[in-house]
Structure formats: C-alpha cells, structure tokens
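Trainee: Below are the structure tokens for one structure; questions will follow.
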Amino acid sequence: MTLSFRAQDVTYVPGDLNLIITAPHGGYTTPANVPDRHHGCVVNNTCVFQYGCTPQDATNCRVVTLRDQYTKEIAELFFDIVKNKTGRTPYLVTCNWARIKLDANREINEAAFGNNESQRVHYDFHQRIKQAREAVESQYSQGGLLIDVHGHAHANNWFELVSFSFSIHFSFRSHWWSTHIQIPNAHSHSR
Ligand SMILES: [Zn+2]
C-alpha cells in the first residue's frame with residue numbers, strides 16, 4: 001500500500017523531542033462515499049464486520065461509533081503547551097476521520113469494515129506513528145514516551161490518557177516530565 005497522508009485523513013507533525021502525542025478517534029472527516037460503521041454479526045462463532053450484515057449483535061460484536069469527544073483538540077493543545085514550554089516540538093499524529101467511518105484504534109476488520117479507503121487511512125495513521133517511533137528511537141538512546149489521548153462519549157468532565165514508553169529502560173512514573181522528556185538544559189538524572 002502507498003501512503004497518501006492527506007491532511008483531512010491524518011495529521012502528522014514531525015518533532016525534535018522524544019515525545020509522541022497521538023489521538024486515534026477524535027476526528028471529524030466523514031467521506032460521503034464511505035458507509036457508516038455499525039455492530040458486527042456473529043458468523044461461525046466469530047464476529048464479522050461487514051456493511052449491512054444481519055443480525056447485528058450489539059452484545060458480542062459491539063462497535064463503538066461515538067467520537068472520543070475533544071481528544072483531537074486535547075492532543076493539539078498538549079502539543080502546543082509542550083512546544084511553548086520547552087521550545088521543542090513533540091511529534092503529533094491524529095487520525096482525522098470520524099469514528100462512525102473509521103476507528104483507527106481497532107484491528108483492521110472492525111476498524112474499516114473492508115473499505116479500501118478506510119483501510120488506507122488506518123494504514124497511514126499507524127505508519128506515521130511507526131515513523132515517529134523510529135525517528136525517536138534512532139535519536140534517543142533512552143527511548144521515548146507516547147501519549148495516546150482517549151475520552152469518554154458520555155458526559156463526564158474528564159478524559160483519559162494512555163501512555164507508555166517504548167523502551168524498557170523507562171517506565172511511567174509521576175515525575176515523567178523530568179525523566180522521560182529530554183528538555184534542553186534540564187538536569188540529567190542518574191535514575
Ligand atoms: Zn478511545
């Protein structure tokens with residue numbers, strides 16, 4: 001597959017910091033030629049995700065189509081804050097399609113329902129994350145931190161951050177800011 005990286009599909013901002021911020025399903029793009037996703041159907045005891053399948057099984061093959069509200073905006077805001085505070089640019093990768101059309105945070109069948117266009121964007125999104133990871137890994141021996149922004153479709157006034165460092169050398173801890181993120185002039189830690 002070739003990468004297209006249209007801005008309405010996937011946002012990719014290359015950085016110069018070992019921090020990657022991602023948001024998989026907070027987007028708004030709704031291509032008219034791509035049908036809406038819906039619950040899958042059980043066929044031979046497995047879930048099949050096919051447009052128009054019947055009967056749709058909301059219990060066993062549940063498909064979430066509501067956007068993780070404001071997670072794209074939170075990722076962008078966090079990106080800006082880090083940039084302003086450090087003078088360095090984190091990597092930013094967001095999938096800009098609405099979750100009703102594509103869920104970049106699911107395996108490919110449930111994510112894209114076999115639609116070529118959706119599969120391409122799913123691929124682009126994950127390729128960009130891979131690209132960012134490889135860039136960080138090649139430049140920072142200590143690895144980096146990836147923060148994946150998630151939310152809730154219901155009315156709680158909070159959101160969820162899923163983060164993991166992709167080097168076993170580091171693990172998430174409360175003072176991650178000073179230990180994980182390489183900020184110019186920051187004191188080095190001996191761990
Ligand atoms: Zn989520």
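If you're wondering about the labels, chains in the structure tokens are A, B, ... by order shown, residues count from 1 in each chain, ligands from 1 in order shown.
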What lies within 8 Å of range 113-126 of chain A using only C-alpha atoms, ignoring chain neighbours under 4 positions off, as a PDB file with N, CA and C atoms, in the first residue's frame?
Mentor:
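Once written, result28.pdb looks like this:
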ATOM      1  N   MET A   1       0.847  -1.205   0.000  1.00  0.00           N
ATOM      2  CA  MET A   1       0.000   0.000   0.000  1.00  0.00           C
ATOM      3  C   MET A   1       0.882   1.255   0.000  1.00  0.00           C
ATOM      4  N   LEU A   3       1.401   5.356   0.809  1.00  0.00           N
ATOM      5  CA  LEU A   3       0.919   6.327   1.775  1.00  0.00           C
ATOM      6  C   LEU A   3       0.455   7.588   1.058  1.00  0.00           C
ATOM      7  N   SER A   4      -0.618   8.139   1.539  1.00  0.00           N
ATOM      8  CA  SER A   4      -1.121   9.353   0.912  1.00  0.00           C
ATOM      9  C   SER A   4      -0.983  10.561   1.830  1.00  0.00           C
ATOM     10  N   PHE A   5      -1.351  10.377   3.086  1.00  0.00           N
ATOM     11  CA  PHE A   5      -1.207  11.428   4.085  1.00  0.00           C
ATOM     12  C   PHE A   5      -1.898  12.729   3.714  1.00  0.00           C
ATOM     13  N   ASP A   9      -7.156  13.348   6.385  1.00  0.00           N
ATOM     14  CA  ASP A   9      -7.141  11.958   6.858  1.00  0.00           C
ATOM     15  C   ASP A   9      -6.321  11.798   8.132  1.00  0.00           C
ATOM     16  N   VAL A  10      -5.086  12.219   8.028  1.00  0.00           N
ATOM     17  CA  VAL A  10      -4.145  12.024   9.133  1.00  0.00           C
ATOM     18  C   VAL A  10      -3.295  13.281   9.289  1.00  0.00           C
ATOM     19  N   VAL A  34     -18.163   6.639   1.980  1.00  0.00           N
ATOM     20  CA  VAL A  34     -17.845   5.557   2.923  1.00  0.00           C
ATOM     21  C   VAL A  34     -19.047   5.353   3.856  1.00  0.00           C
ATOM     22  N   ARG A  37     -20.149   2.801  10.022  1.00  0.00           N
ATOM     23  CA  ARG A  37     -19.884   1.538  10.715  1.00  0.00           C
ATOM     24  C   ARG A  37     -21.065   1.206  11.635  1.00  0.00           C
ATOM     25  N   PHE A  49     -17.314  -8.166  10.486  1.00  0.00           N
ATOM     26  CA  PHE A  49     -17.650  -6.751  10.370  1.00  0.00           C
ATOM     27  C   PHE A  49     -17.820  -6.416   8.894  1.00  0.00           C
ATOM     28  N   GLN A  50     -19.081  -6.453   8.471  1.00  0.00           N
ATOM     29  CA  GLN A  50     -19.415  -6.250   7.069  1.00  0.00           C
ATOM     30  C   GLN A  50     -20.597  -5.302   6.980  1.00  0.00           C
ATOM     31  N   TYR A  51     -20.502  -4.309   6.094  1.00  0.00           N
ATOM     32  CA  TYR A  51     -21.618  -3.371   5.934  1.00  0.00           C
ATOM     33  C   TYR A  51     -22.906  -4.143   5.634  1.00  0.00           C
ATOM     34  N   VAL A  93       0.445  12.924  15.973  1.00  0.00           N
ATOM     35  CA  VAL A  93      -0.231  12.098  14.968  1.00  0.00           C
ATOM     36  C   VAL A  93      -1.696  11.952  15.370  1.00  0.00           C
ATOM     37  N   THR A  94      -2.596  12.452  14.537  1.00  0.00           N
ATOM     38  CA  THR A  94      -4.024  12.256  14.820  1.00  0.00           C
ATOM     39  C   THR A  94      -4.702  11.650  13.595  1.00  0.00           C
ATOM     40  N   CYS A  95      -5.653  10.764  13.861  1.00  0.00           N
ATOM     41  CA  CYS A  95      -6.494  10.268  12.775  1.00  0.00           C
ATOM     42  C   CYS A  95      -7.699  11.203  12.701  1.00  0.00           C
ATOM     43  N   LYS A 101     -16.991   6.364  10.673  1.00  0.00           N
ATOM     44  CA  LYS A 101     -16.464   5.898   9.386  1.00  0.00           C
ATOM     45  C   LYS A 101     -15.242   4.989   9.544  1.00  0.00           C
ATOM     46  N   LEU A 102     -14.422   5.271  10.547  1.00  0.00           N
ATOM     47  CA  LEU A 102     -13.189   4.506  10.766  1.00  0.00           C
ATOM     48  C   LEU A 102     -12.785   4.633  12.225  1.00  0.00           C
ATOM     49  N   ASP A 103     -12.387   3.514  12.836  1.00  0.00           N
ATOM     50  CA  ASP A 103     -11.824   3.567  14.182  1.00  0.00           C
ATOM     51  C   ASP A 103     -10.380   3.090  14.125  1.00  0.00           C
ATOM     52  N   ALA A 104      -9.466   4.043  14.133  1.00  0.00           N
ATOM     53  CA  ALA A 104      -8.043   3.703  13.988  1.00  0.00           C
ATOM     54  C   ALA A 104      -7.499   2.973  15.198  1.00  0.00           C
ATOM     55  N   ILE A 108      -7.981  -4.110  12.073  1.00  0.00           N
ATOM     56  CA  ILE A 108      -8.371  -3.608  10.755  1.00  0.00           C
ATOM     57  C   ILE A 108      -9.802  -3.972  10.337  1.00  0.00           C
ATOM     58  N   ASN A 109     -10.279  -5.172  10.679  1.00  0.00           N
ATOM     59  CA  ASN A 109     -11.628  -5.577  10.248  1.00  0.00           C
ATOM     60  C   ASN A 109     -12.709  -4.741  10.914  1.00  0.00           C
ATOM     61  N   LYS A 130       4.551   4.743  13.493  1.00  0.00           N
ATOM     62  CA  LYS A 130       5.770   3.934  13.356  1.00  0.00           C
ATOM     63  C   LYS A 130       6.955   4.817  12.954  1.00  0.00           C
TER      64      LYS A 130
END
Trainee: Given a cut-off of 6 Å, what residues near ligand 1 show up using only C-alpha atoms and all ligand atoms, put as an NGL selection string?
Mentor: :A and (68 or 150-151)
Trainee: How about saving the chosen residues, N, CA and C atoms kept, as a tab-separated table (two decimals), in the first residue's frame?
Mentor:
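Saved file again34.tsv follows:
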chain	number	residue	atom	x	y	z
A	68	ASP	N	-14.43	10.00	20.52
A	68	ASP	CA	-13.85	10.35	21.82
A	68	ASP	C	-13.78	11.88	21.83
A	150	HIS	N	-7.38	9.50	24.96
A	150	HIS	CA	-8.71	8.90	24.86
A	150	HIS	C	-9.71	9.68	25.69
A	151	GLY	N	-10.98	9.44	25.44
A	151	GLY	CA	-12.01	10.16	26.18
A	151	GLY	C	-13.21	9.28	26.40
Trainee: As a PDB file with C-alpha atoms, in the first residue's frame, please: every residue in range 12-186 of chain A that a backbone DSSP assignment puts in alpha helix (DSSP H).
Mentor:
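Okay, part-v1.pdb is ready:
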ATOM      1  CA  THR A  71      -9.436  14.262  22.109  1.00  0.00           C
ATOM      2  CA  LYS A  72      -8.055  15.661  18.853  1.00  0.00           C
ATOM      3  CA  GLU A  73      -8.253  19.144  20.358  1.00  0.00           C
ATOM      4  CA  ILE A  74      -6.676  17.979  23.643  1.00  0.00           C
ATOM      5  CA  ALA A  75      -3.820  16.342  21.735  1.00  0.00           C
ATOM      6  CA  GLU A  76      -3.273  19.569  19.767  1.00  0.00           C
ATOM      7  CA  LEU A  77      -3.471  21.683  22.913  1.00  0.00           C
ATOM      8  CA  PHE A  78      -0.997  19.452  24.728  1.00  0.00           C
ATOM      9  CA  PHE A  79       1.283  19.656  21.687  1.00  0.00           C
ATOM     10  CA  ASP A  80       1.146  23.481  21.829  1.00  0.00           C
ATOM     11  CA  ILE A  81       1.771  23.604  25.578  1.00  0.00           C
ATOM     12  CA  VAL A  82       4.839  21.363  25.375  1.00  0.00           C
ATOM     13  CA  LYS A  83       6.143  23.344  22.416  1.00  0.00           C
ATOM     14  CA  ASN A  84       5.681  26.675  24.172  1.00  0.00           C
ATOM     15  CA  LYS A  85       7.196  25.467  27.434  1.00  0.00           C
ATOM     16  CA  THR A  86      10.221  23.682  26.005  1.00  0.00           C
ATOM     17  CA  ILE A 108      -8.371  -3.608  10.755  1.00  0.00           C
ATOM     18  CA  ASN A 109     -11.628  -5.577  10.248  1.00  0.00           C
ATOM     19  CA  GLU A 110     -13.594  -3.850  12.970  1.00  0.00           C
ATOM     20  CA  ALA A 111     -11.824  -0.576  12.155  1.00  0.00           C
ATOM     21  CA  ALA A 112     -12.503  -0.335   8.447  1.00  0.00           C
ATOM     22  CA  ASN A 116     -10.397   0.293   0.797  1.00  0.00           C
ATOM     23  CA  GLU A 117     -10.339   3.970   1.592  1.00  0.00           C
ATOM     24  CA  SER A 118     -10.784   3.368   5.342  1.00  0.00           C
ATOM     25  CA  GLN A 119      -8.062   0.719   5.314  1.00  0.00           C
ATOM     26  CA  ARG A 120      -5.698   3.151   3.619  1.00  0.00           C
ATOM     27  CA  VAL A 121      -6.250   5.819   6.289  1.00  0.00           C
ATOM     28  CA  HIS A 122      -5.900   3.223   9.080  1.00  0.00           C
ATOM     29  CA  TYR A 123      -2.603   2.183   7.500  1.00  0.00           C
ATOM     30  CA  ASP A 124      -1.432   5.780   7.080  1.00  0.00           C
ATOM     31  CA  PHE A 125      -2.179   6.589  10.730  1.00  0.00           C
ATOM     32  CA  HIS A 126      -0.216   3.621  12.055  1.00  0.00           C
ATOM     33  CA  GLN A 127       2.611   4.135   9.585  1.00  0.00           C
ATOM     34  CA  ARG A 128       3.005   7.708  10.804  1.00  0.00           C
ATOM     35  CA  ILE A 129       3.192   6.505  14.417  1.00  0.00           C
ATOM     36  CA  LYS A 130       5.770   3.934  13.356  1.00  0.00           C
ATOM     37  CA  GLN A 131       7.724   6.632  11.543  1.00  0.00           C
ATOM     38  CA  ALA A 132       7.698   8.861  14.648  1.00  0.00           C
ATOM     39  CA  ARG A 133       8.749   5.970  16.893  1.00  0.00           C
ATOM     40  CA  GLU A 134      11.606   5.010  14.622  1.00  0.00           C
ATOM     41  CA  ALA A 135      12.801   8.615  14.438  1.00  0.00           C
ATOM     42  CA  VAL A 136      12.772   8.915  18.232  1.00  0.00           C
ATOM     43  CA  GLU A 137      14.380   5.527  18.753  1.00  0.00           C
ATOM     44  CA  SER A 138      17.208   6.356  16.375  1.00  0.00           C
ATOM     45  CA  GLN A 139      17.932   9.679  18.075  1.00  0.00           C
ATOM     46  CA  TRP A 176       7.927  11.506  33.947  1.00  0.00           C
ATOM     47  CA  TRP A 177       8.334  15.048  32.759  1.00  0.00           C
ATOM     48  CA  SER A 178      11.878  15.331  34.032  1.00  0.00           C
ATOM     49  CA  THR A 179      12.937  11.750  33.493  1.00  0.00           C
ATOM     50  CA  HIS A 180      11.322  10.896  30.180  1.00  0.00           C
TER      51      HIS A 180
END
Trainee: Would you work out the distance separating CA of Val64 in chain A from CA of Gly40 in chain A, expressed in Å to one decimal?
Mentor: 10.6 Å
Trainee: Using Å and a single decimal, report how far CA of Ile100 in chain A sits from CA of Asn60 in chain A.
Mentor: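 Computing the Euclidean distance for CA of Asn60 in chain A and CA of Ile100 in chain A yields 18.6 Å.
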Trainee: Grab the CA of Val48 in chain A to CA of Gln69 in chain A distance for me, in Å with one decimal place.
Mentor: 27.0 Å
Trainee: Counting only C-alpha atoms, which residues of range 10-78 of chain A sit at most 10 Å from some atom of range 88-92 of chain A, and what is each one's closest atom pair with its distance in Å to one decimal, listed by chain and rising residue number, as a Markdown table?
Mentor:
| residue | atom | partner | partner_atom | distance |
| --- | --- | --- | --- | --- |
| A:Thr11 | CA | A:Leu92 | CA | 7.2 |
| A:Tyr12 | CA | A:Leu92 | CA | 5.7 |
| A:Val13 | CA | A:Leu92 | CA | 5.0 |
| A:Pro14 | CA | A:Tyr91 | CA | 5.0 |
| A:Gly15 | CA | A:Tyr91 | CA | 4.4 |
| A:Asp16 | CA | A:Thr89 | CA | 5.3 |
| A:Leu17 | CA | A:Pro90 | CA | 5.1 |
| A:Asn18 | CA | A:Pro90 | CA | 6.8 |
| A:Leu19 | CA | A:Pro90 | CA | 5.1 |
| A:Ile20 | CA | A:Tyr91 | CA | 4.6 |
| A:Ile21 | CA | A:Leu92 | CA | 4.9 |
| A:Thr22 | CA | A:Leu92 | CA | 5.9 |
| A:Ala23 | CA | A:Leu92 | CA | 8.5 |
| A:Ala75 | CA | A:Leu92 | CA | 7.7 |
| A:Glu76 | CA | A:Leu92 | CA | 7.7 |
| A:Phe78 | CA | A:Pro90 | CA | 9.4 |
Trainee: Could you take the residues named above and write them with N, CA and C atoms, as a tab-separated table (two decimals), in the first residue's frame?
Mentor:
chain	number	residue	atom	x	y	z
A	11	THR	N	-3.15	13.75	10.52
A	11	THR	CA	-2.23	14.85	10.79
A	11	THR	C	-0.92	14.24	11.25
A	12	TYR	N	0.16	14.71	10.66
A	12	TYR	CA	1.48	14.27	11.11
A	12	TYR	C	2.40	15.47	11.22
A	13	VAL	N	2.87	15.74	12.42
A	13	VAL	CA	3.85	16.80	12.62
A	13	VAL	C	5.11	16.15	13.17
A	14	PRO	N	6.20	16.16	12.39
A	14	PRO	CA	7.45	15.60	12.90
A	14	PRO	C	8.04	16.51	13.98
A	15	GLY	N	8.66	15.91	14.97
A	15	GLY	CA	9.17	16.71	16.08
A	15	GLY	C	10.67	16.64	16.25
A	16	ASP	N	11.15	17.28	17.32
A	16	ASP	CA	12.55	17.16	17.69
A	16	ASP	C	12.66	16.93	19.20
A	17	LEU	N	11.77	16.10	19.68
A	17	LEU	CA	11.68	15.78	21.11
A	17	LEU	C	11.25	14.32	21.19
A	18	ASN	N	11.63	13.62	22.27
A	18	ASN	CA	11.27	12.20	22.34
A	18	ASN	C	9.91	11.98	22.99
A	19	LEU	N	8.97	12.77	22.53
A	19	LEU	CA	7.58	12.67	22.99
A	19	LEU	C	6.67	12.60	21.76
A	20	ILE	N	5.78	11.61	21.75
A	20	ILE	CA	4.83	11.44	20.64
A	20	ILE	C	3.43	11.54	21.21
A	21	ILE	N	2.62	12.41	20.64
A	21	ILE	CA	1.23	12.56	21.10
A	21	ILE	C	0.32	12.04	20.00
A	22	THR	N	-0.58	11.13	20.34
A	22	THR	CA	-1.48	10.56	19.33
A	22	THR	C	-2.93	10.64	19.78
A	23	ALA	N	-3.84	10.73	18.82
A	23	ALA	CA	-5.28	10.68	19.11
A	23	ALA	C	-5.93	9.86	17.98
A	75	ALA	N	-5.14	16.72	22.24
A	75	ALA	CA	-3.82	16.34	21.73
A	75	ALA	C	-3.12	17.57	21.15
A	76	GLU	N	-3.86	18.38	20.39
A	76	GLU	CA	-3.27	19.57	19.77
A	76	GLU	C	-2.88	20.61	20.82
A	78	PHE	N	-2.15	19.98	24.01
A	78	PHE	CA	-1.00	19.45	24.73
A	78	PHE	C	0.29	19.67	23.91
Trainee: Just list as a list in words whatever in range 41-92 of chain A DSSP marks as strand (DSSP E).
Mentor: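 Listing strand (DSSP E) positions across range 41-92 of chain A yields Cys41, Val42, Val43, Thr46, Cys47, Val48, Tyr91 and Leu92 of chain A.
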Trainee: Emit the selected residues as a compact mmCIF listing (two decimals), in the first residue's frame, including C-alpha atoms.
Mentor:
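Saved the output as part14.txt:
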# COMPACT_ATOMS: atom_id res chain seq x y z
CA CYS A 41 -22.56 -10.05 13.13
CA VAL A 42 -21.72 -13.46 14.54
CA VAL A 43 -20.81 -15.93 11.80
CA THR A 46 -16.74 -15.18 15.29
CA CYS A 47 -17.55 -11.53 14.71
CA VAL A 48 -17.75 -10.46 11.11
CA TYR A 91 5.58 14.50 17.35
CA LEU A 92 1.85 14.75 16.74
Trainee: So, with only C-alpha atoms as the atoms that count, which of A:His25, A:Arg6, A:His39, A:Arg106 lies closest to Asp57 in chain A?
Mentor: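 Between A:His25, A:Arg6, A:His39, A:Arg106, the residue approaching Asp57 in chain A most closely is A:His39.
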Trainee: Using only C-alpha atoms, which residue out of A:Gly87, A:His38, A:Asn105, A:Pro24 lies closest to Gln56 in chain A?
Mentor: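 Among the listed residues, the smallest separation from Gln56 in chain A belongs to A:His38.
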